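Source file: target.csv (CSV, N, CA and C atoms)
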chain,number,residue,atom,x,y,z
U,1,GLN,N,0.8,-1.2,0.0
U,1,GLN,CA,0.0,0.0,0.0
U,1,GLN,C,0.9,1.2,0.0
U,2,VAL,N,0.6,2.2,-0.9
U,2,VAL,CA,1.3,3.4,-1.0
U,2,VAL,C,0.5,4.5,-0.3
U,3,GLN,N,1.1,5.2,0.6
U,3,GLN,CA,0.4,6.4,1.2
U,3,GLN,C,0.9,7.7,0.5
U,4,VAL,N,-0.1,8.5,0.3
U,4,VAL,CA,0.2,9.8,-0.4
U,4,VAL,C,-0.3,10.9,0.4
U,5,VAL,N,0.5,11.9,0.7
U,5,VAL,CA,0.1,13.0,1.5
U,5,VAL,C,0.5,14.3,0.8
U,6,GLU,N,-0.6,15.2,0.6
U,6,GLU,CA,-0.3,16.5,0.0
U,6,GLU,C,-0.2,17.6,1.0
U,7,SER,N,0.5,18.6,0.7
U,7,SER,CA,0.6,19.8,1.5
U,7,SER,C,0.9,21.0,0.7
U,8,GLY,N,0.7,22.2,1.3
U,8,GLY,CA,1.1,23.4,0.6
U,8,GLY,C,0.0,24.3,0.1
U,9,GLY,N,-1.2,23.8,0.2
U,9,GLY,CA,-2.3,24.6,-0.3
U,9,GLY,C,-2.6,25.9,0.6
U,10,GLY,N,-3.5,26.7,0.1
U,10,GLY,CA,-3.8,27.9,0.9
U,10,GLY,C,-4.5,28.9,0.1
U,11,LEU,N,-4.6,30.1,0.6
U,11,LEU,CA,-5.3,31.2,0.0
U,11,LEU,C,-4.3,32.2,-0.6
U,12,VAL,N,-4.4,32.5,-1.9
U,12,VAL,CA,-3.5,33.4,-2.6
U,12,VAL,C,-4.3,34.3,-3.5
U,13,GLN,N,-3.7,35.5,-3.7
U,13,GLN,CA,-4.4,36.4,-4.6
U,13,GLN,C,-4.1,36.1,-6.1
U,14,PRO,N,-5.0,36.5,-6.9
U,14,PRO,CA,-4.8,36.3,-8.4
U,14,PRO,C,-3.4,36.9,-8.8
U,15,GLY,N,-2.7,36.1,-9.6
U,15,GLY,CA,-1.4,36.5,-10.0
U,15,GLY,C,-0.3,35.9,-9.1
U,16,GLY,N,-0.7,35.4,-8.0
U,16,GLY,CA,0.3,34.9,-7.0
U,16,GLY,C,0.8,33.5,-7.3
U,17,SER,N,1.6,33.0,-6.4
U,17,SER,CA,2.2,31.7,-6.6
U,17,SER,C,2.0,30.8,-5.4
U,18,LEU,N,2.0,29.5,-5.6
U,18,LEU,CA,2.0,28.5,-4.5
U,18,LEU,C,2.8,27.3,-5.0
U,19,ARG,N,3.4,26.6,-4.0
U,19,ARG,CA,4.1,25.3,-4.4
U,19,ARG,C,3.4,24.2,-3.5
U,20,LEU,N,2.9,23.3,-4.2
U,20,LEU,CA,2.3,22.1,-3.5
U,20,LEU,C,3.4,21.0,-3.5
U,21,SER,N,3.3,20.2,-2.4
U,21,SER,CA,4.2,19.1,-2.2
U,21,SER,C,3.4,17.8,-2.0
U,22,CYS,N,3.9,16.7,-2.4
U,22,CYS,CA,3.3,15.4,-2.2
U,22,CYS,C,4.3,14.4,-1.9
U,23,ALA,N,4.2,13.9,-0.7
U,23,ALA,CA,5.1,12.8,-0.2
U,23,ALA,C,4.4,11.5,-0.4
U,24,ALA,N,5.2,10.5,-0.9
U,24,ALA,CA,4.6,9.2,-1.1
U,24,ALA,C,5.5,8.2,-0.4
U,25,SER,N,4.9,7.2,0.2
U,25,SER,CA,5.7,6.2,0.9
U,25,SER,C,6.2,5.1,0.0
U,26,GLY,N,7.2,4.3,0.5
U,26,GLY,CA,7.7,3.2,-0.3
U,26,GLY,C,9.1,3.5,-0.7
U,27,SER,N,9.8,2.3,-0.8
U,27,SER,CA,11.3,2.4,-1.1
U,27,SER,C,11.5,2.5,-2.6
U,28,ILE,N,10.4,2.4,-3.4
U,28,ILE,CA,10.5,2.4,-4.9
U,28,ILE,C,9.8,3.6,-5.5
U,29,PHE,N,9.9,4.7,-4.8
U,29,PHE,CA,9.2,5.9,-5.3
U,29,PHE,C,9.7,6.3,-6.7
U,30,SER,N,10.9,6.0,-7.0
U,30,SER,CA,11.4,6.4,-8.3
U,30,SER,C,10.7,5.6,-9.4
U,31,ARG,N,10.0,4.6,-9.1
U,31,ARG,CA,9.3,3.8,-10.1
U,31,ARG,C,7.8,4.1,-10.2
U,32,TYR,N,7.4,5.2,-9.4
U,32,TYR,CA,6.0,5.6,-9.5
U,32,TYR,C,5.9,6.7,-10.6
U,33,THR,N,4.9,6.6,-11.4
U,33,THR,CA,4.5,7.8,-12.2
U,33,THR,C,3.6,8.7,-11.3
U,34,MET,N,3.9,9.9,-11.2
U,34,MET,CA,3.3,10.8,-10.3
U,34,MET,C,2.5,11.9,-11.0
U,35,ALA,N,1.3,12.3,-10.5
U,35,ALA,CA,0.5,13.2,-11.2
U,35,ALA,C,-0.3,14.1,-10.2
U,36,TRP,N,-0.7,15.2,-10.7
U,36,TRP,CA,-1.6,16.1,-9.9
U,36,TRP,C,-2.9,16.2,-10.7
U,37,TYR,N,-4.0,16.2,-9.9
U,37,TYR,CA,-5.3,16.4,-10.4
U,37,TYR,C,-6.0,17.4,-9.5
U,38,ARG,N,-7.1,18.0,-10.0
U,38,ARG,CA,-7.9,18.9,-9.2
U,38,ARG,C,-9.3,18.8,-9.4
U,39,GLN,N,-10.1,19.2,-8.4
U,39,GLN,CA,-11.5,19.1,-8.5
U,39,GLN,C,-12.1,20.4,-7.8
U,40,ALA,N,-12.9,21.1,-8.6
U,40,ALA,CA,-13.6,22.3,-8.1
U,40,ALA,C,-15.0,21.9,-7.7
U,41,PRO,N,-15.6,22.6,-6.8
U,41,PRO,CA,-17.0,22.3,-6.4
U,41,PRO,C,-17.9,22.2,-7.6
U,42,GLY,N,-18.7,21.1,-7.7
U,42,GLY,CA,-19.6,20.9,-8.8
U,42,GLY,C,-19.0,20.4,-10.1
U,43,ASN,N,-17.7,20.2,-10.1
U,43,ASN,CA,-17.0,19.7,-11.3
U,43,ASN,C,-16.4,18.3,-11.1
U,44,GLN,N,-16.1,17.7,-12.2
U,44,GLN,CA,-15.4,16.4,-12.1
U,44,GLN,C,-13.9,16.7,-11.8
U,45,ARG,N,-13.3,15.7,-11.3
U,45,ARG,CA,-11.8,15.7,-11.1
U,45,ARG,C,-11.2,15.8,-12.5
U,46,GLU,N,-10.2,16.7,-12.6
U,46,GLU,CA,-9.5,16.9,-13.9
U,46,GLU,C,-8.0,16.8,-13.8
U,47,PHE,N,-7.4,16.4,-14.8
U,47,PHE,CA,-5.9,16.2,-14.9
U,47,PHE,C,-5.3,17.6,-14.9
U,48,VAL,N,-4.1,17.7,-14.2
U,48,VAL,CA,-3.3,18.9,-14.2
U,48,VAL,C,-2.0,18.7,-14.8
U,49,ALA,N,-1.2,17.7,-14.2
U,49,ALA,CA,0.2,17.5,-14.7
U,49,ALA,C,0.6,16.2,-14.3
U,50,LEU,N,1.6,15.7,-15.0
U,50,LEU,CA,2.2,14.3,-14.8
U,50,LEU,C,3.7,14.3,-15.0
U,51,ILE,N,4.4,13.5,-14.2
U,51,ILE,CA,5.8,13.3,-14.4
U,51,ILE,C,6.1,11.8,-14.4
U,52,THR,N,6.8,11.3,-15.4
U,52,THR,CA,7.1,9.9,-15.4
U,52,THR,C,8.3,9.5,-14.6
U,53,THR,N,8.6,8.2,-14.6
U,53,THR,CA,9.8,7.8,-13.8
U,53,THR,C,11.0,8.3,-14.5
U,54,GLY,N,11.0,8.6,-15.7
U,54,GLY,CA,12.2,9.1,-16.4
U,54,GLY,C,12.2,10.7,-16.4
U,55,GLY,N,11.3,11.3,-15.8
U,55,GLY,CA,11.3,12.8,-15.6
U,55,GLY,C,10.6,13.5,-16.8
U,56,ASN,N,10.0,12.8,-17.7
U,56,ASN,CA,9.2,13.4,-18.7
U,56,ASN,C,7.9,14.0,-18.1
U,57,THR,N,7.5,15.1,-18.6
U,57,THR,CA,6.3,15.8,-18.0
U,57,THR,C,5.2,16.0,-19.1
U,58,ASN,N,4.0,16.2,-18.6
U,58,ASN,CA,2.9,16.4,-19.4
U,58,ASN,C,1.9,17.4,-18.7
U,59,TYR,N,1.3,18.3,-19.3
U,59,TYR,CA,0.5,19.3,-18.7
U,59,TYR,C,-0.9,19.5,-19.4
U,60,ALA,N,-1.9,19.8,-18.6
U,60,ALA,CA,-3.2,20.2,-19.2
U,60,ALA,C,-3.0,21.5,-19.9
U,61,ASP,N,-3.7,21.8,-20.9
U,61,ASP,CA,-3.5,23.0,-21.7
U,61,ASP,C,-3.8,24.2,-20.8
U,62,TYR,N,-4.7,24.1,-19.8
U,62,TYR,CA,-5.1,25.3,-19.0
U,62,TYR,C,-4.1,25.6,-18.0
U,63,VAL,N,-3.0,24.8,-17.8
U,63,VAL,CA,-2.0,25.2,-16.8
U,63,VAL,C,-0.6,25.3,-17.5
U,64,LYS,N,-0.5,24.9,-18.8
U,64,LYS,CA,0.7,24.9,-19.5
U,64,LYS,C,1.3,26.3,-19.5
U,65,GLY,N,2.6,26.4,-19.1
U,65,GLY,CA,3.3,27.7,-19.1
U,65,GLY,C,3.2,28.4,-17.8
U,66,ARG,N,2.3,27.9,-16.9
U,66,ARG,CA,2.1,28.5,-15.6
U,66,ARG,C,2.5,27.6,-14.4
U,67,PHE,N,2.3,26.3,-14.6
U,67,PHE,CA,2.6,25.3,-13.6
U,67,PHE,C,3.8,24.4,-14.0
U,68,THR,N,4.5,24.0,-13.0
U,68,THR,CA,5.7,23.1,-13.3
U,68,THR,C,5.7,22.0,-12.3
U,69,ILE,N,5.7,20.8,-12.8
U,69,ILE,CA,5.8,19.6,-11.9
U,69,ILE,C,7.2,19.1,-11.9
U,70,SER,N,7.7,18.7,-10.7
U,70,SER,CA,9.0,18.1,-10.6
U,70,SER,C,9.0,17.1,-9.5
U,71,ARG,N,10.1,16.3,-9.4
U,71,ARG,CA,10.1,15.2,-8.4
U,71,ARG,C,11.5,15.2,-7.8
U,72,ASP,N,11.6,14.7,-6.6
U,72,ASP,CA,12.9,14.5,-5.9
U,72,ASP,C,12.8,13.1,-5.4
U,73,ASN,N,13.5,12.2,-6.1
U,73,ASN,CA,13.4,10.8,-5.7
U,73,ASN,C,14.2,10.4,-4.4
U,74,VAL,N,15.0,11.3,-4.0
U,74,VAL,CA,15.7,11.1,-2.7
U,74,VAL,C,14.7,11.4,-1.5
U,75,LYS,N,13.9,12.4,-1.7
U,75,LYS,CA,12.9,12.8,-0.7
U,75,LYS,C,11.6,12.2,-0.9
U,76,ASN,N,11.4,11.3,-1.9
U,76,ASN,CA,10.1,10.7,-2.2
U,76,ASN,C,9.0,11.7,-2.3
U,77,THR,N,9.3,12.8,-3.0
U,77,THR,CA,8.4,13.9,-3.1
U,77,THR,C,8.2,14.4,-4.5
U,78,VAL,N,7.0,14.8,-4.8
U,78,VAL,CA,6.7,15.5,-6.1
U,78,VAL,C,6.2,16.9,-5.8
U,79,TYR,N,6.5,17.8,-6.6
U,79,TYR,CA,6.1,19.2,-6.4
U,79,TYR,C,5.3,19.7,-7.5
U,80,LEU,N,4.4,20.7,-7.2
U,80,LEU,CA,3.7,21.4,-8.3
U,80,LEU,C,3.9,22.9,-8.0
U,81,GLN,N,4.7,23.5,-8.8
U,81,GLN,CA,4.9,25.0,-8.7
U,81,GLN,C,3.9,25.7,-9.5
U,82,MET,N,3.1,26.5,-8.9
U,82,MET,CA,1.9,27.1,-9.6
U,82,MET,C,2.2,28.6,-9.6
U,83,ASN,N,2.3,29.2,-10.7
U,83,ASN,CA,2.5,30.7,-10.9
U,83,ASN,C,1.4,31.3,-11.6
U,84,THR,N,1.3,32.6,-11.5
U,84,THR,CA,0.3,33.3,-12.2
U,84,THR,C,-1.1,32.7,-12.0
U,85,LEU,N,-1.4,32.5,-10.8
U,85,LEU,CA,-2.7,31.8,-10.4
U,85,LEU,C,-3.9,32.6,-10.7
U,86,ARG,N,-4.9,32.0,-11.1
U,86,ARG,CA,-6.2,32.6,-11.5
U,86,ARG,C,-7.3,32.1,-10.6
U,87,PRO,N,-8.4,32.8,-10.5
U,87,PRO,CA,-9.5,32.4,-9.7
U,87,PRO,C,-10.0,31.0,-10.1
U,88,GLU,N,-10.0,30.7,-11.4
U,88,GLU,CA,-10.4,29.4,-11.9
U,88,GLU,C,-9.5,28.3,-11.5
U,89,ASP,N,-8.4,28.5,-11.0
U,89,ASP,CA,-7.5,27.5,-10.5
U,89,ASP,C,-7.9,27.0,-9.1
U,90,THR,N,-8.9,27.7,-8.5
U,90,THR,CA,-9.4,27.3,-7.2
U,90,THR,C,-10.0,25.9,-7.2
U,91,ALA,N,-9.5,25.0,-6.4
U,91,ALA,CA,-9.9,23.6,-6.4
U,91,ALA,C,-9.2,22.9,-5.2
U,92,LEU,N,-9.7,21.7,-5.0
U,92,LEU,CA,-9.0,20.7,-4.2
U,92,LEU,C,-8.0,20.0,-5.0
U,93,TYR,N,-6.7,20.1,-4.7
U,93,TYR,CA,-5.7,19.4,-5.5
U,93,TYR,C,-5.3,18.1,-4.9
U,94,TYR,N,-5.3,17.1,-5.8
U,94,TYR,CA,-5.0,15.7,-5.4
U,94,TYR,C,-3.7,15.2,-6.0
U,95,CYS,N,-2.9,14.5,-5.3
U,95,CYS,CA,-1.7,13.9,-5.8
U,95,CYS,C,-2.1,12.4,-6.1
U,96,ASN,N,-1.5,11.9,-7.2
U,96,ASN,CA,-1.7,10.5,-7.6
U,96,ASN,C,-0.4,9.8,-7.8
U,97,ALA,N,-0.3,8.7,-7.2
U,97,ALA,CA,0.9,7.8,-7.5
U,97,ALA,C,0.4,6.6,-8.2
U,98,ARG,N,1.1,6.3,-9.3
U,98,ARG,CA,0.6,5.1,-10.1
U,98,ARG,C,1.8,4.1,-10.3
U,99,TYR,N,1.5,2.9,-9.9
U,99,TYR,CA,2.5,1.8,-10.0
U,99,TYR,C,1.9,0.5,-10.2
U,100,ASP,N,2.4,-0.2,-11.2
U,100,ASP,CA,2.0,-1.6,-11.5
U,100,ASP,C,0.5,-1.6,-11.7
U,101,GLY,N,-0.1,-0.6,-12.4
U,101,GLY,CA,-1.5,-0.6,-12.7
U,101,GLY,C,-2.4,-0.2,-11.6
U,102,THR,N,-1.9,0.2,-10.5
U,102,THR,CA,-2.7,0.7,-9.4
U,102,THR,C,-2.5,2.1,-9.1
U,103,ASN,N,-3.6,2.8,-8.8
U,103,ASN,CA,-3.6,4.3,-8.5
U,103,ASN,C,-3.7,4.5,-7.0
U,104,TYR,N,-2.9,5.3,-6.5
U,104,TYR,CA,-3.0,5.7,-5.1
U,104,TYR,C,-3.3,7.2,-5.0
U,105,TRP,N,-4.2,7.6,-4.1
U,105,TRP,CA,-4.6,9.0,-4.0
U,105,TRP,C,-4.4,9.5,-2.6
U,106,GLY,N,-4.1,10.8,-2.5
U,106,GLY,CA,-4.1,11.5,-1.3
U,106,GLY,C,-5.4,12.1,-0.9
U,107,GLN,N,-5.5,12.8,0.2
U,107,GLN,CA,-6.8,13.4,0.6
U,107,GLN,C,-7.0,14.8,0.0
U,108,GLY,N,-6.0,15.3,-0.6
U,108,GLY,CA,-6.1,16.6,-1.3
U,108,GLY,C,-5.7,17.8,-0.4
U,109,THR,N,-5.3,18.9,-1.1
U,109,THR,CA,-5.0,20.1,-0.4
U,109,THR,C,-5.7,21.2,-1.1
U,110,GLN,N,-6.3,22.1,-0.4
U,110,GLN,CA,-7.2,23.2,-0.9
U,110,GLN,C,-6.4,24.3,-1.4
U,111,VAL,N,-6.6,24.8,-2.6
U,111,VAL,CA,-6.0,26.0,-3.2
U,111,VAL,C,-7.2,26.9,-3.5
U,112,THR,N,-7.1,28.1,-2.9
U,112,THR,CA,-8.1,29.1,-3.2
U,112,THR,C,-7.5,30.4,-3.7
U,113,VAL,N,-7.9,30.8,-4.9
U,113,VAL,CA,-7.3,32.0,-5.5
U,113,VAL,C,-8.4,33.1,-5.5
U,114,SER,N,-8.2,34.1,-4.7
U,114,SER,CA,-9.2,35.1,-4.5
U,114,SER,C,-8.6,36.4,-4.0
U,115,SER,N,-9.2,37.5,-4.3
U,115,SER,CA,-8.7,38.8,-3.8
U,115,SER,C,-9.5,39.2,-2.6
Whole structure given in structure tokens:
Amino acid sequence: QVQVVESGGGLVQPGGSLRLSCAASGSIFSRYTMAWYRQAPGNQREFVALITTGGNTNYADYVKGRFTISRDNVKNTVYLQMNTLRPEDTALYYCNARYDGTNYWGQGTQVTVSS
């Protein structure tokens, strides 16, 4: 069982920045594909960004150029640097670890973008 714990959410003004962190358990973190998803009230959960075991990244169009995903395999942590935040980025952000066909989810961290 892989445990996934997100942190770093909060309230930020439009145009501001936040960095989310996600710690995943296990001695084989480097073999997990890691991703971020988000869910706004009344909406379905949607893909945000992904980083493969080899460090390749993929982003949803609505965050491309503003968000950056990275990973630190020594710290068993993946990050989501979010810049130029918009009110529409407000959501509960979930971290996902994928290994051997199984998905593991955290409880989410709230990001609110408002003046």
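Among U:Val48, U:Ala97, U:Leu92, U:Ala24, the residue with the shortest atom-to-atom distance to Val5 (chain U), counting all atoms listed in the file, is U:Ala24.
Comparing the minimum interatomic distances between Gln3 (chain U) and each of U:Thr90, U:Asn83, U:Ser25, U:Gln107, counting only N, CA and C atoms, we find that U:Ser25 sits nearest.
With distances taken over all atoms listed in the file, U:Thr84 is the one residue among U:Gly26, U:Thr84, U:Trp36, U:Val111 lying closest to Gly65 (chain U).
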Exercise. Which residues, written as a list in words, have at least one atom at most 8 Å from Ser30 (chain U), with all atoms listed in the file counted and residues fewer than 6 positions away on the same chain left out?
Worked result: Thr52, Thr53, Gly54, Asp72, Asn73, Val74 and Asn76 of chain U
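Ranking U:Ser27, U:Ser17, U:Thr112, U:Ser70 by their shortest atom-to-atom distance to Asp89 (chain U), with only N, CA and C atoms included, puts U:Thr112 first.
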request  = Find the spatial neighbours of Arg19 (chain U), counting only N, CA and C atoms, within a cut-off of 5 Å - ignore same-chain residues fewer than 6 positions away - and output them as a PyMOL selection string.
outcome  = chain U and resi 8+80-82
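Counting only N, CA and C atoms, Arg38 (chain U) has the following residues at most 8 Å away, ignoring those fewer than 3 positions along the same chain: Ala35, Pro41, Asn43, Gln44, Arg45, Glu46, Phe47, Val48, Ala49, Thr90, Ala91, Leu92, Tyr93, Tyr94 and Cys95 of chain U.
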| request: May I have all residues of region 16-104 of chain U that DSSP, computed from the backbone, assigns to strand (DSSP E or B), given as number ranges by chain? | output: U: 18-24, 33-39, 46-51, 57-59, 67-72, 77-82, 91-99, 102-104
